[in-house]
Amino acid sequence: MHQERKNVHSHVFPFVFGPLPADHPTRRGHMFNSLLSNVSRIPFLSGKGGSPTESQDQLSPPSSLSDGTGKDVEEGTVDIAGPDVRELQREMEYLKGWVEMDGVEMARLREEREALIMNCKHQGDRIAELEHEVGWVRGSHQEDVQRQTQYIRGVEERLKRTEELLATRSAELSGVQAFLSTTDRLSEAEVLNIVRDLNENIYQVAATLSEEWEKLESPQATIRTDADPTPRSRVPALVQLVRNRDPMGLIFLFQSCLCCQVVDMTSSWDHNQELAILKSIYERLSASGEYHTVYPSNS
Amino acid sequence: MPRSTSLVEQLASVLDETGSFSSTQQSFEFVQAVASERIESIIRLVLRLELAFKVEVTSSDMSLLFEAPDTVFDNARMADEFESDDTSICGKQYRIAGTTEVGIGKSISVGPGEILRTGVLLKTKVVLEKDVGRGEA
């Protein structure tokens with residue numbers, strides 16, 4: 001019996017026994033409680049008056065109540081209950097309003113949910129797209145990193161080879177550098193040979209001239225005393241020998257003149273003591289060490 | 001003045017001292033006729049030495065040495081034409097009459113601005129006044 005009544009309640013107010021929405025006002029819960037207390041006063045619903053069969057004879061069958069309109073119930077209440085039923089009707093109307101509002105709210109929430117679902121779908125697609133893009137960028141970045149790494153490795157390899165080559169060349173250069181400033185294209189022995197050859201030629205010229213001069217007959221002219229002999233190459237002793245027709249003295253004088261001349265020809269500087277200004281310039285240049293062709297003279 | 005001309009002039013002026021020629025032109029012609037080939041050899045050797053001293057020899061500065069007449073003999077850089085043993089004239093003040101063979105001087109510069117170290121690679125050969133008629137100074 002109690003089980004049947006419970007089923008009826010469940011059939012008429014399915015939302016009564018279900019969980020209330022979280023945002024349902026407390027007042028609505030209070031209204032349900034009130035409604036239940038009123039329902040308990042209906043005889044066939046509360047079980048206090050008549051059998052269910054009798055109640056069905058006077059009221060509309062419970063199946064007719066299930067359409068949710070409340071018409072049959074309202075007709076039944078007119079016949080059966082009076083003021084309680086009207087109060088119940090009012091409460092039912094009130095609840096119907098809430099049900100309609102809940103329906104609208106549900107529809108709005110459904111639309112909102114659909115919109116959110118669509119939005120979520122779009123966001124999901126976008127996330128997937130971005131993940132794909134991120135994956136592509138990551139892959140591209142990794143390729144770039146690998147390429148850069150290989151390039152850096154190559155550059156480091158080349159740098160290492162270059163440094164090794166530089167070290168080798170530097171070592172070679174430092175070894176050679178010691179000879180750079182001292183390597184001659186002509187050895188001292190070769191220079192000595194040239195000078196000996198030069199002295200030999202000077203002697204040959206002097207000897208030949210003296211020999212040929214001896215073949216000449218007596219002097220053809222008087223000795224000219226106005227000649228200006230070169231002081232560096234001649235001294236009166238040799239000149240006197242020559243004037244005395246001494247062949248050996250003539251050879252010495254020839255040699256002395258030629259030696260003086262070739263020294264002047266190979267020298268850049270005239271070390272005439274009378275030119276003091278040239279001497280001082282020469283000494284400064286020689287002391288500076290900037291010019292190889294400037295050297296102190298022993299003459 | 002060209003070098004060859006200068007050489008010939010020197011020789012001709014010496015010949016003028018002999019009084020054998022009436023003019024310098026004759027002396028010139030005599031020298032050219034007798035010693036032109038040798039003079040050319042001398043000029044070639046002088047040019048060769050000039051190249052060697054100024055270009056080819058870089059480790060040191062080289063120069064030909066000539067001793068002026070009337071200079072006191074110095075055994076360190078001179079050799080006597082007639083003395084095989086230089087020690088025989090050491091310590092004596094002999095003056096030279098003339099140079100018969102040129103020598104070679106060498107100077108080495110250790111660094112810029114430093115004093116040069118000089119030396120003699122080949123002594124100048126000289127004839128002393130004592131050997132041509134004059135004695136010790």
# chains A, B, ... in the order shown; residues from 1 in each chain; ligands from 1

$ interface_residues --of "chain B" --to "chain A" --cutoff "7 Å" --atoms "only C-alpha atoms" --output "count of residues only"
46

$ atom_distance --atom1 "CA of Ala76 in chain B" --atom2 "CA of Leu128 in chain B"
15.3 Å

$ atom_distance --atom1 "CA of Leu49 in chain B" --atom2 "CA of Met78 in chain B"
20.5 Å

$ atom_distance --atom1 "CA of Gln148 in chain A" --atom2 "CA of Arg161 in chain A"
19.6 Å

$ select_by_dssp --residues "range 15-62 of chain B" --states "alpha helix (DSSP H)" --output "VMD selection string"
chain B and resid 15 to 18 24 to 51

$ closest_residue --among "B:Ile104, B:Ile43, B:Leu51, B:Val72" --to "Gly119 in chain B" --atoms "only C-alpha atoms"
B:Ile104
